[in-house]
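Undergrad: See model.cif below, with mmCIF, C-alpha atoms and all ligand atoms.
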data_work
loop_
_atom_site.label_atom_id
_atom_site.label_comp_id
_atom_site.auth_asym_id
_atom_site.auth_seq_id
_atom_site.Cartn_x
_atom_site.Cartn_y
_atom_site.Cartn_z
CA MET A 705 38.44 11.81 -46.56
CA PRO A 706 38.87 14.30 -43.64
CA GLN A 707 40.85 13.01 -40.67
CA ALA A 708 38.66 11.73 -37.83
CA THR A 709 38.81 13.62 -34.55
CA LEU A 710 38.50 12.35 -31.00
CA ALA A 711 35.73 14.96 -30.63
CA SER A 712 33.58 12.91 -33.04
CA LEU A 713 34.04 9.80 -30.84
CA THR A 714 33.28 11.31 -27.43
CA THR A 715 30.15 12.71 -25.74
CA LEU A 716 31.96 15.89 -24.60
CA ARG A 717 32.79 16.42 -28.30
CA LEU A 718 36.28 17.65 -27.42
CA GLY A 719 39.59 16.38 -28.74
CA GLY A 720 41.88 16.72 -31.75
CA PRO A 721 42.83 14.44 -34.66
CA ALA A 722 43.07 10.68 -34.37
CA GLY A 723 45.87 8.94 -36.32
CA THR A 724 43.88 5.88 -37.44
CA VAL A 725 40.40 4.93 -36.26
CA LEU A 726 39.37 1.28 -36.36
CA HIS A 727 35.70 0.53 -35.70
CA LEU A 728 35.73 -3.11 -34.65
CA SER A 729 32.34 -4.71 -35.35
CA ASP A 730 33.13 -8.39 -35.90
CA PRO A 731 34.78 -10.21 -32.96
CA ALA A 732 36.40 -12.58 -35.51
CA ASP A 733 38.50 -9.65 -36.78
CA TRP A 734 40.08 -9.00 -33.39
CA HIS A 735 43.17 -11.24 -33.59
CA ASP A 736 44.39 -9.91 -36.94
CA ALA A 737 43.69 -6.30 -35.94
CA ALA A 738 45.43 -6.68 -32.57
CA ARG A 739 48.50 -8.35 -34.06
CA ALA A 740 48.82 -5.58 -36.70
CA ILE A 741 48.40 -2.81 -34.10
CA GLY A 742 50.73 -4.54 -31.61
CA ALA A 743 53.44 -4.85 -34.27
CA ARG A 744 53.51 -1.13 -35.04
CA GLU A 745 52.56 0.48 -31.69
CA GLN A 746 54.49 -0.43 -28.60
CA ASP A 747 52.02 1.18 -26.19
CA GLY A 748 48.91 -0.32 -27.78
CA PRO A 749 45.93 1.73 -29.02
CA VAL A 750 43.49 4.02 -27.27
CA VAL A 751 40.32 1.94 -26.87
CA LEU A 752 36.89 3.56 -26.75
CA GLY A 753 33.32 2.45 -26.35
CA HIS A 754 30.87 5.35 -26.66
CA GLY A 755 33.35 7.91 -25.30
CA SER A 756 31.02 8.93 -22.45
CA ASN A 757 33.63 8.89 -19.68
CA VAL A 758 36.69 10.51 -21.25
CA ILE A 759 38.24 13.93 -21.82
CA ALA A 760 40.18 13.73 -25.09
CA ALA A 761 43.21 15.97 -25.62
CA ASP A 762 43.10 18.93 -28.02
CA ALA A 763 46.31 17.55 -29.58
CA GLY A 764 44.47 14.29 -30.33
CA HIS A 765 46.15 10.88 -30.48
CA PRO A 766 48.70 10.20 -33.24
CA GLY A 767 48.33 6.42 -33.07
CA THR A 768 45.41 4.02 -33.45
CA VAL A 769 42.04 4.48 -31.78
CA VAL A 770 39.97 1.30 -31.61
CA VAL A 771 36.23 1.83 -31.19
CA MET A 772 34.62 -1.30 -29.77
CA ASN A 773 31.43 -1.83 -31.77
CA THR A 774 30.99 -5.58 -31.30
CA HIS A 775 27.45 -6.62 -30.35
CA GLY A 776 25.90 -9.82 -29.07
CA ILE A 777 24.63 -11.69 -26.03
CA THR A 778 24.98 -15.43 -25.43
CA VAL A 779 23.15 -17.16 -22.61
CA GLU A 780 24.11 -20.33 -20.75
CA LYS A 781 21.76 -21.89 -18.21
CA LEU A 782 23.52 -22.55 -14.88
CA ASP A 783 20.57 -23.98 -12.92
CA ASP A 784 16.80 -23.45 -12.60
CA THR A 785 17.12 -19.75 -11.76
CA ARG A 786 20.62 -18.57 -12.75
CA VAL A 787 22.12 -17.86 -16.17
CA ALA A 788 25.58 -16.83 -17.34
CA VAL A 789 25.30 -14.04 -19.90
CA THR A 790 28.36 -13.32 -22.04
CA VAL A 791 28.23 -9.97 -23.82
CA GLN A 792 30.48 -8.50 -26.52
CA ALA A 793 32.40 -5.41 -25.38
CA GLY A 794 30.75 -2.94 -27.76
CA HIS A 795 27.19 -3.91 -26.83
CA PRO A 796 25.35 -0.87 -25.39
CA LEU A 797 24.86 -1.29 -21.64
CA ALA A 798 21.40 0.31 -21.89
CA ASP A 799 20.31 -2.37 -24.41
CA LEU A 800 21.61 -5.15 -22.16
CA VAL A 801 19.67 -3.77 -19.17
CA GLN A 802 16.47 -3.57 -21.26
CA TRP A 803 17.01 -7.13 -22.49
CA ALA A 804 17.48 -8.37 -18.90
CA ALA A 805 14.30 -6.54 -17.83
CA ALA A 806 12.32 -8.20 -20.64
CA GLU A 807 13.75 -11.60 -19.56
CA ARG A 808 13.06 -10.74 -15.86
CA LEU A 809 16.70 -11.41 -15.02
CA ALA A 810 17.89 -9.58 -11.90
CA GLY A 811 21.36 -8.20 -11.24
CA ILE A 812 21.85 -5.09 -13.41
CA GLU A 813 18.46 -3.31 -13.20
CA CYS A 814 19.88 -0.31 -11.29
CA LEU A 815 22.33 0.35 -14.16
CA ALA A 816 19.47 1.40 -16.49
CA GLY A 817 20.20 4.64 -18.31
CA ILE A 818 23.99 4.63 -17.83
CA PRO A 819 25.42 5.52 -21.27
CA GLY A 820 28.24 3.52 -22.81
CA THR A 821 29.24 -0.03 -23.62
CA VAL A 822 29.25 -3.25 -21.60
CA GLY A 823 33.01 -3.60 -22.15
CA ALA A 824 33.70 -0.25 -20.49
CA ALA A 825 31.45 -0.94 -17.49
CA PRO A 826 34.07 -2.95 -15.51
CA VAL A 827 36.72 -0.26 -16.21
CA GLN A 828 35.24 2.07 -13.63
CA ASN A 829 32.88 -0.48 -12.04
CA ALA A 830 29.93 1.49 -13.41
CA GLY A 831 27.11 1.81 -10.94
CA ALA A 832 24.18 3.81 -9.64
CA TYR A 833 21.37 3.61 -7.08
CA GLY A 834 23.44 1.54 -4.66
CA ARG A 835 24.42 -1.17 -7.18
CA GLN A 836 27.39 -1.65 -9.50
CA ILE A 837 28.48 -4.01 -12.27
CA ALA A 838 30.66 -5.80 -9.66
CA ASP A 839 27.45 -7.21 -8.11
CA ALA A 840 26.79 -9.33 -11.23
CA LEU A 841 30.24 -9.69 -12.83
CA HIS A 842 31.57 -13.23 -13.16
CA GLY A 843 34.60 -12.43 -15.32
CA VAL A 844 35.98 -10.89 -18.49
CA THR A 845 38.10 -11.94 -21.44
CA VAL A 846 40.74 -9.39 -22.39
CA TRP A 847 43.44 -8.84 -24.96
CA ASP A 848 46.68 -8.41 -23.03
CA TRP A 849 48.79 -5.89 -24.99
CA GLY A 850 51.87 -6.80 -22.91
CA MET A 851 51.65 -10.53 -23.68
CA GLY A 852 49.95 -10.33 -27.09
CA CYS A 853 47.25 -12.90 -26.27
CA VAL A 854 43.71 -13.36 -24.94
CA ARG A 855 43.38 -13.90 -21.19
CA THR A 856 40.47 -14.57 -18.86
CA PHE A 857 40.11 -12.72 -15.56
CA PRO A 858 37.61 -13.90 -12.97
CA ALA A 859 35.71 -11.03 -11.32
CA GLN A 860 37.99 -11.05 -8.28
CA ALA A 861 41.07 -10.49 -10.46
CA CYS A 862 39.45 -7.34 -11.93
CA ARG A 863 39.91 -5.62 -8.51
CA LEU A 864 36.65 -3.70 -8.74
CA ARG A 865 36.27 -0.91 -6.19
CA TYR A 866 34.17 2.27 -6.04
CA ARG A 867 34.47 3.58 -9.67
CA ASN A 868 37.80 1.84 -10.01
CA SER A 869 39.43 -1.39 -11.23
CA ARG A 870 42.77 -2.76 -12.36
CA PHE A 871 41.80 -1.64 -15.89
CA LYS A 872 41.43 1.99 -14.79
CA GLN A 873 44.65 1.77 -12.77
CA THR A 874 46.71 0.55 -15.74
CA PRO A 875 45.16 2.29 -18.77
CA GLY A 876 45.83 0.63 -22.11
CA ARG A 877 47.31 -2.63 -20.80
CA TRP A 878 44.17 -4.73 -21.36
CA THR A 879 41.27 -4.41 -23.79
CA ILE A 880 38.08 -6.07 -22.58
CA LEU A 881 36.63 -8.25 -25.35
CA THR A 882 33.71 -9.92 -23.55
CA THR A 883 32.07 -9.59 -20.15
CA THR A 884 30.28 -12.45 -18.40
CA LEU A 885 27.55 -11.67 -15.87
CA HIS A 886 25.59 -14.02 -13.65
CA LEU A 887 21.92 -12.99 -13.57
CA THR A 888 19.04 -14.56 -11.64
CA ARG A 889 15.41 -15.10 -12.61
CA ALA A 890 14.00 -13.48 -9.48
CA PRO A 891 12.65 -10.17 -8.16
CA ALA A 892 15.14 -7.27 -8.19
CA ALA A 893 17.71 -7.00 -5.41
CA GLY A 894 16.48 -5.22 -2.25
CA ILE A 895 16.25 -1.44 -2.77
CA THR A 896 18.92 0.37 -0.72
CA TYR A 897 18.78 3.88 -2.19
CA ARG A 898 16.17 6.29 -0.77
CA PRO A 899 15.36 8.28 -3.98
CA LEU A 900 14.72 5.00 -5.81
CA ALA A 901 12.49 3.67 -3.00
CA ASP A 902 10.53 6.97 -3.15
CA GLU A 903 10.26 6.77 -6.95
CA LEU A 904 8.83 3.24 -6.59
CA GLY A 905 6.68 4.14 -3.55
CA VAL A 906 8.15 1.21 -1.57
CA PRO A 907 10.13 0.95 1.68
CA ILE A 908 13.90 0.38 1.76
CA GLY A 909 14.59 -3.34 1.42
CA ALA A 910 11.55 -4.01 -0.83
CA ARG A 911 12.09 -6.23 -3.89
CA PRO A 912 9.89 -5.08 -6.79
CA THR A 913 10.06 -6.85 -10.15
CA VAL A 914 13.04 -6.24 -12.44
CA PRO A 915 10.95 -4.32 -15.08
CA GLU A 916 9.49 -2.10 -12.31
CA VAL A 917 12.95 -1.20 -10.97
CA THR A 918 14.36 -0.63 -14.47
CA ALA A 919 11.48 1.74 -15.31
CA ALA A 920 11.76 3.57 -11.96
CA VAL A 921 15.53 4.07 -12.38
CA LEU A 922 14.99 5.54 -15.85
CA ALA A 923 12.19 7.83 -14.59
CA ASN A 924 14.31 8.99 -11.65
CA ARG A 925 17.35 9.62 -13.87
CA ARG A 926 15.14 11.65 -16.22
CA HIS A 927 13.87 13.91 -13.34
CA ARG A 928 17.40 14.42 -12.06
CA GLY A 929 19.02 15.19 -15.42
CA LEU A 930 21.05 11.98 -15.41
CA LEU A 931 20.15 10.79 -18.92
CA LEU A 932 22.21 11.74 -21.95
CA ASP A 933 20.07 13.80 -24.34
CA PRO A 934 22.24 14.37 -27.44
CA SER A 935 20.05 17.26 -28.61
CA GLY A 936 19.40 18.96 -25.24
CA PRO A 937 21.25 21.93 -23.69
CA ASP A 938 23.49 19.57 -21.68
CA ALA A 939 24.34 17.30 -24.60
CA ARG A 940 28.13 17.72 -24.36
CA GLN A 941 29.00 16.02 -21.10
CA ALA A 942 30.70 12.98 -19.54
CA GLY A 943 28.32 12.52 -16.58
CA SER A 944 29.61 13.28 -13.07
CA VAL A 945 32.96 15.04 -13.33
CA PHE A 946 34.18 14.19 -9.80
CA LEU A 947 34.15 11.01 -7.72
CA ASN A 948 32.63 11.18 -4.25
CA PRO A 949 35.88 11.76 -2.31
CA ARG A 950 37.21 9.49 0.44
CA ILE A 951 37.16 11.22 3.80
CA THR A 952 38.37 10.48 7.34
CA THR A 953 36.06 9.75 10.28
CA THR A 954 36.78 13.23 11.68
CA GLN A 955 35.89 14.86 8.34
CA ALA A 956 32.74 12.68 8.15
CA THR A 957 31.56 13.93 11.56
CA LEU A 958 32.37 17.56 10.74
CA TRP A 959 30.82 17.69 7.30
CA SER A 960 27.76 15.53 7.93
CA ASP A 961 26.90 17.87 10.85
CA LEU A 962 26.91 20.68 8.26
CA GLY A 963 24.55 18.72 5.98
CA CYS A 964 26.95 16.96 3.60
CA PRO A 965 25.72 13.50 2.61
CA VAL A 966 28.25 10.88 3.78
CA HIS A 967 28.06 7.18 2.95
CA ARG A 968 30.20 4.07 3.06
CA ASP A 969 31.05 2.59 -0.34
CA SER A 970 30.94 -1.15 -1.04
CA ASN A 971 34.47 -1.49 0.39
CA GLY A 972 33.53 0.28 3.61
CA GLU A 973 35.33 3.56 2.78
CA LEU A 974 33.67 6.77 3.97
CA ARG A 975 32.80 9.11 1.09
CA ALA A 976 31.36 12.61 0.96
CA GLY A 977 28.89 13.84 -1.68
CA ALA A 978 30.92 15.65 -4.35
CA SER A 979 27.83 17.52 -5.53
CA TRP A 980 27.16 18.94 -2.05
CA LEU A 981 30.81 20.02 -1.73
CA LEU A 982 30.62 21.90 -5.05
CA GLU A 983 27.42 23.64 -3.94
CA HIS A 984 29.06 24.45 -0.60
CA VAL A 985 31.66 26.55 -2.45
CA GLY A 986 28.95 28.37 -4.38
CA CYS A 987 28.45 26.29 -7.56
CA ARG A 988 24.91 25.97 -8.86
CA PRO A 989 23.20 24.23 -11.81
CA GLY A 990 23.62 26.33 -14.97
CA GLN A 991 26.54 28.31 -13.56
CA VAL A 992 29.35 29.38 -15.90
CA VAL A 993 32.63 27.87 -14.64
CA ALA A 994 34.90 29.15 -17.44
CA GLU A 995 34.53 30.19 -21.07
CA GLY A 996 32.48 27.44 -22.77
CA VAL A 997 32.23 25.38 -19.56
CA ARG A 998 29.10 25.32 -17.38
CA CYS A 999 27.44 23.22 -14.71
CA SER A 1000 24.50 21.42 -16.36
CA GLN A 1001 21.01 22.93 -16.14
CA ARG A 1002 19.83 20.37 -13.60
CA ARG A 1003 22.95 19.20 -11.79
CA THR A 1004 26.05 20.87 -10.38
CA LEU A 1005 28.18 17.72 -10.58
CA THR A 1006 27.68 17.39 -14.35
CA VAL A 1007 29.85 19.92 -16.17
CA THR A 1008 29.07 20.60 -19.83
CA ALA A 1009 31.04 21.96 -22.79
CA HIS A 1010 29.71 24.65 -25.14
CA GLY A 1011 30.72 26.50 -28.30
CA ASP A 1012 34.49 26.66 -28.81
CA ALA A 1013 35.37 24.97 -25.50
CA THR A 1014 38.70 23.17 -25.52
CA ALA A 1015 39.75 20.05 -23.64
CA ALA A 1016 42.51 22.06 -21.91
CA GLY A 1017 39.97 24.70 -20.84
CA PHE A 1018 37.57 22.02 -19.60
CA HIS A 1019 40.31 20.28 -17.62
CA GLN A 1020 41.50 23.61 -16.15
CA ALA A 1021 37.91 24.39 -15.11
CA LEU A 1022 37.76 21.09 -13.20
CA THR A 1023 41.14 21.82 -11.59
CA HIS A 1024 39.81 25.24 -10.54
CA LEU A 1025 36.63 23.73 -9.03
CA ALA A 1026 38.65 21.09 -7.13
CA ALA A 1027 40.99 23.80 -5.80
CA GLN A 1028 38.03 25.84 -4.51
CA VAL A 1029 36.69 22.79 -2.66
CA ALA A 1030 40.13 21.91 -1.26
CA THR A 1031 40.72 25.46 0.00
CA THR A 1032 37.35 25.66 1.74
CA THR A 1033 37.00 22.11 3.07
CA GLY A 1034 40.42 20.44 2.96
CA ILE A 1035 38.83 17.63 0.89
CA THR A 1036 40.44 16.62 -2.42
CA LEU A 1037 38.18 15.96 -5.41
CA GLN A 1038 39.43 13.60 -8.12
CA PRO A 1039 38.02 13.77 -11.68
CA GLU A 1040 35.90 10.79 -12.72
CA PRO A 1041 36.44 10.84 -16.52
CA THR A 1042 39.77 9.53 -17.83
CA ARG A 1043 42.02 11.78 -19.92
CA ILE A 1044 43.02 10.19 -23.24
CA GLY A 1045 45.37 11.26 -26.03
CA LEU A 1046 48.38 13.53 -26.01
CA TRP A 1047 48.28 15.80 -22.95
CA THR A 1048 51.27 18.04 -22.37
CA ALA A 1049 52.25 19.40 -18.95
CA LYS A 1050 50.88 22.79 -20.14
CA SER A 1051 47.45 21.41 -21.13
C1 LIG B 1 24.75 11.40 -18.85
C2 LIG B 1 25.77 10.45 -18.26
C3 LIG B 1 25.42 9.73 -17.12
C4 LIG B 1 26.34 8.83 -16.55
N1 LIG B 1 25.96 8.14 -15.44
C5 LIG B 1 26.81 7.24 -14.90
C6 LIG B 1 26.42 6.51 -13.74
O1 LIG B 1 25.32 6.65 -13.22
N2 LIG B 1 27.31 5.61 -13.23
C7 LIG B 1 28.55 5.41 -13.80
O2 LIG B 1 29.31 4.58 -13.29
N3 LIG B 1 28.94 6.10 -14.90
C8 LIG B 1 28.11 7.01 -15.45
N4 LIG B 1 28.50 7.73 -16.55
C9 LIG B 1 29.85 7.53 -17.11
C10 LIG B 1 29.89 6.50 -18.29
O3 LIG B 1 28.66 6.42 -18.93
C11 LIG B 1 30.29 5.10 -17.81
O4 LIG B 1 31.54 5.16 -17.17
C12 LIG B 1 30.38 4.10 -18.97
O5 LIG B 1 30.68 2.82 -18.42
C13 LIG B 1 31.44 4.48 -20.01
O6 LIG B 1 31.22 3.68 -21.16
P1 LIG B 1 31.82 4.09 -22.58
O7 LIG B 1 31.61 2.96 -23.50
O8 LIG B 1 31.28 5.40 -23.02
O9 LIG B 1 33.36 4.24 -22.19
P2 LIG B 1 34.44 5.24 -22.83
O10 LIG B 1 34.15 6.63 -22.37
O11 LIG B 1 34.55 5.02 -24.29
O12 LIG B 1 35.77 4.74 -22.11
C14 LIG B 1 35.96 4.95 -20.73
C15 LIG B 1 37.31 4.35 -20.32
O13 LIG B 1 37.25 2.94 -20.48
C16 LIG B 1 38.23 2.51 -21.44
N5 LIG B 1 37.58 1.47 -22.25
C17 LIG B 1 36.45 1.59 -23.00
N6 LIG B 1 36.14 0.39 -23.54
C18 LIG B 1 37.08 -0.48 -23.13
C19 LIG B 1 37.32 -1.86 -23.36
N7 LIG B 1 36.52 -2.61 -24.13
N8 LIG B 1 38.41 -2.43 -22.77
C20 LIG B 1 39.24 -1.70 -21.99
N9 LIG B 1 39.07 -0.38 -21.75
C21 LIG B 1 38.01 0.21 -22.31
C22 LIG B 1 38.61 3.74 -22.24
O14 LIG B 1 39.91 3.64 -22.75
C23 LIG B 1 38.46 4.83 -21.18
O15 LIG B 1 39.61 4.87 -20.37
C24 LIG B 1 27.62 8.65 -17.13
C25 LIG B 1 27.96 9.39 -18.29
C26 LIG B 1 27.05 10.28 -18.84
C27 LIG B 1 27.42 11.05 -20.08
#
Can you dump the structure from the file as structure tokens?
Ligand SMILES: Cc1cc2nc3c(=O)[nH]c(=O)nc-3n(C[C@H](O)[C@H](O)[C@H](O)COP(=O)(O)OP(=O)(O)OC[C@H]3O[C@@H](n4cnc5c(N)ncnc54)[C@H](O)[C@@H]3O)c2cc1C

TA:
Amino acid sequence: MPQATLASLTTLRLGGPAGTVLHLSDPADWHDAARAIGAREQDGPVVLGHGSNVIAADAGHPGTVVVMNTHGITVEKLDDTRVAVTVQAGHPLADLVQWAAAERLAGIECLAGIPGTVGAAPVQNAGAYGRQIADALHGVTVWDWGMGCVRTFPAQACRLRYRNSRFKQTPGRWTILTTTLHLTRAPAAGITYRPLADELGVPIGARPTVPEVTAAVLANRRHRGLLLDPSGPDARQAGSVFLNPRITTTQATLWSDLGCPVHRDSNGELRAGASWLLEHVGCRPGQVVAEGVRCSQRRTLTVTAHGDATAAGFHQALTHLAAQVATTTGITLQPEPTRIGLWTAKS
């Protein structure tokens, strides 16, 4: 059998050979698998969901890659309106959001259309349209590779911030096994994001039903090129390639006067629109950034891979874009996807 590649496990379809790939489908298999991996690999495995937020090294990963493919939702009634929903890590986030919409359970409706697994969502506090998984997260169970046992972290201990968490800060230390969300049988949370309010034809602060918001988010993502279409021209991508950068009050005044969108994140930090900054230095949708690397057809902030693109070339293209923005604006862009596998200083 040919050796599996990281390219086959990631949406950018970049990345070299994987030593051993374990697709974990049955949660009951976890303990034996983890003990065997822990005994032979000091640093633990690379863990993947759908590979939609990673750039995998051309040199691959010589050790074990665990692909979380566990599915399942269990529901516990908390009171007349609230339920605790515990979801296996490999369950597709999109399926969970659709299930919640059908059940009219509010809390994650704005996350419709985000690719990937429920277990990966707390890693970068996945979010969109003014909401994030932190708004509904109650806690997670993890495998602690340092201690060799299962642990439970309440939401607060996950240290969720704008596209960040303790899991993203310390890659590989913990594998999320289940995620527990608290959802409420109620209308959706008040709409805070202007494009979503416009899509729904409602004022800011309105509270449409959960299915209405879920459908509007999907429609809006479709118009804006924010859905993953595996057969379209922008199929090979990892979503937004840069985080909206933190800026100072002085930078906020300067750049918002020039038209840059500036907002406060859920922790009160000022952030500039990364997409606007890229366009300010001349990037446009569809533009070639480097050989085999282009901005997507509909969106400058999504960068896509083509043909014989390499992970090193893709990463260098992002470094080049960030340098252009830094030179022109003094603002530092940080990549959003995580690099996995064996990266050398040269790559
Ligand atoms: C078209 C497109 C649109 C996107 N839109 C958004 C958006 O609107 N908002 C947003 O936040 N993100 C967005 N993303 C990024 C991505 O979909 C999310 O970050 C998603 O949560 C990643 O899930 P995944 O299963 O693919 O994770 P992967 O890419 O497989 O993994 C991401 C990281 O999490 C780690 N990881 C994965 N599973 C686990 C686990 N069980 N335990 C511990 N660590 C784990 C991996 O090691 C890696 O470091 C988009 C991506 C694409 C391609």

Undergrad: Identify, on the basis of all atoms listed in the file, every residue whose closest approach to region 866-872 of chain A does not exceed 12 Å; exclude the query and any residue fewer than 5 positions from it along the same chain; express the result as a count of residues only.

TA: 53

Undergrad: Please provide as a ChimeraX atom specification all residues within 12 Å of Ala1030 (chain A), with the sequence filter that same-chain residues fewer than 3 positions apart are discarded (counting all atoms listed in the file).

TA: /A:949,978,981-982,984-985,1023-1027,1033-1038

Undergrad: What are the closest atom pairs, with distances in Å to one decimal, for all residues of region 837-955 of chain A lying within 6 Å of region 1006-1010 of chain A? Consider all atoms listed in the file, order rows by chain and residue number, and present the result as a tab-separated table.

TA:
residue	atom	partner	partner_atom	distance
A:Asp938	CA	A:Thr1008	CA	6.0
A:Arg940	CA	A:Ala1009	CA	5.4
A:Gln941	CA	A:Thr1008	CA	4.8
A:Gly943	CA	A:Thr1006	CA	5.4
A:Ser944	CA	A:Thr1006	CA	4.7
A:Val945	CA	A:Thr1006	CA	5.9

Undergrad: Tell me, as a list in words, which residues lie within 9 Å of Val791 (chain A), counting all atoms listed in the file; anything in the same chain fewer than 4 positions away does not count.

TA: His775, Gly776, Ile777, Thr778, Val779, His795, Leu800, Val822, Gly823, Leu881, Thr882, Thr883, Thr884 and Leu885 of chain A

Undergrad: Figure out the distance between CA of Gln1028 (chain A) and CA of Ser756 (chain A), please, to one decimal in Å.

TA: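 Spanning CA of Ser756 (chain A) to CA of Gln1028 (chain A) is a straight-line distance of 25.6 Å.
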
Undergrad: Which residue, A:Trp959, A:Trp849, A:Trp1047, A:Phe1018, has the smallest gap to ligand LIG 1 (chain B) when you use all atoms listed in the file?

TA: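 Of A:Trp959, A:Trp849, A:Trp1047, A:Phe1018, the one nearest ligand LIG 1 (chain B) is A:Trp849, counting all atoms listed in the file.
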
Undergrad: When distances are computed from only C-alpha atoms and all ligand atoms, which of A:Leu887, A:Leu932, A:Ala743, A:Leu962 shows the smallest separation from ligand LIG 1 (chain B)?

TA: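 Smallest separation from ligand LIG 1 (chain B) among the options: A:Leu932.
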
Undergrad: Would you mind reading off the distance between CA of Pro912 (chain A) and CA of Leu809 (chain A), one decimal, in Å?

TA: 12.4 Å

Undergrad: Taking all atoms listed in the file into account, which of A:Asp784, A:Glu995, A:Asp1012, A:Asp933 comes nearest ligand LIG 1 (chain B)?

TA: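 Once distances to ligand LIG 1 (chain B) are computed over all atoms listed in the file, the minimum belongs to A:Asp933.
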
Undergrad: For a quick check of understanding, using only C-alpha atoms, which of A:Leu864, A:Ile895, A:Ala805, A:Leu841 has the smallest distance to Glu916 (chain A)?

TA: A:Ala805

Undergrad: I'd like to know which of A:Pro858, A:Pro899, A:Gly876, A:Gly811 is closest to ligand LIG 1 (chain B), using all atoms listed in the file.

TA: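 Once distances to ligand LIG 1 (chain B) are computed over all atoms listed in the file, the minimum belongs to A:Gly876.
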
Undergrad: Write out as a PDB file with C-alpha atoms, in the coordinates of the input the residues lying within 10 Å of Arg925 (chain A), counting all atoms listed in the file and excluding same-chain residues fewer than 6 positions away.

TA:
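The result, written out as result33.pdb:
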ATOM      1  CA  ALA A 816      19.470   1.400 -16.490  1.00  0.00           C
ATOM      2  CA  GLY A 817      20.200   4.640 -18.310  1.00  0.00           C
ATOM      3  CA  ILE A 818      23.990   4.630 -17.830  1.00  0.00           C
ATOM      4  CA  ALA A 832      24.180   3.810  -9.640  1.00  0.00           C
ATOM      5  CA  TYR A 833      21.370   3.610  -7.080  1.00  0.00           C
ATOM      6  CA  LEU A 900      14.720   5.000  -5.810  1.00  0.00           C
ATOM      7  CA  ALA A 919      11.480   1.740 -15.310  1.00  0.00           C
ATOM      8  CA  LEU A 931      20.150  10.790 -18.920  1.00  0.00           C
ATOM      9  CA  LEU A 932      22.210  11.740 -21.950  1.00  0.00           C
TER      10      LEU A 932
END

Undergrad: With a distance cut-off of 10 Å and all atoms listed in the file, select the neighbouring residues of Asp902 (chain A), excluding the residue or stretch itself and same-chain residues fewer than 5 positions from it, and output the selection as number ranges by chain.

TA: A: 897, 907-908, 920, 924
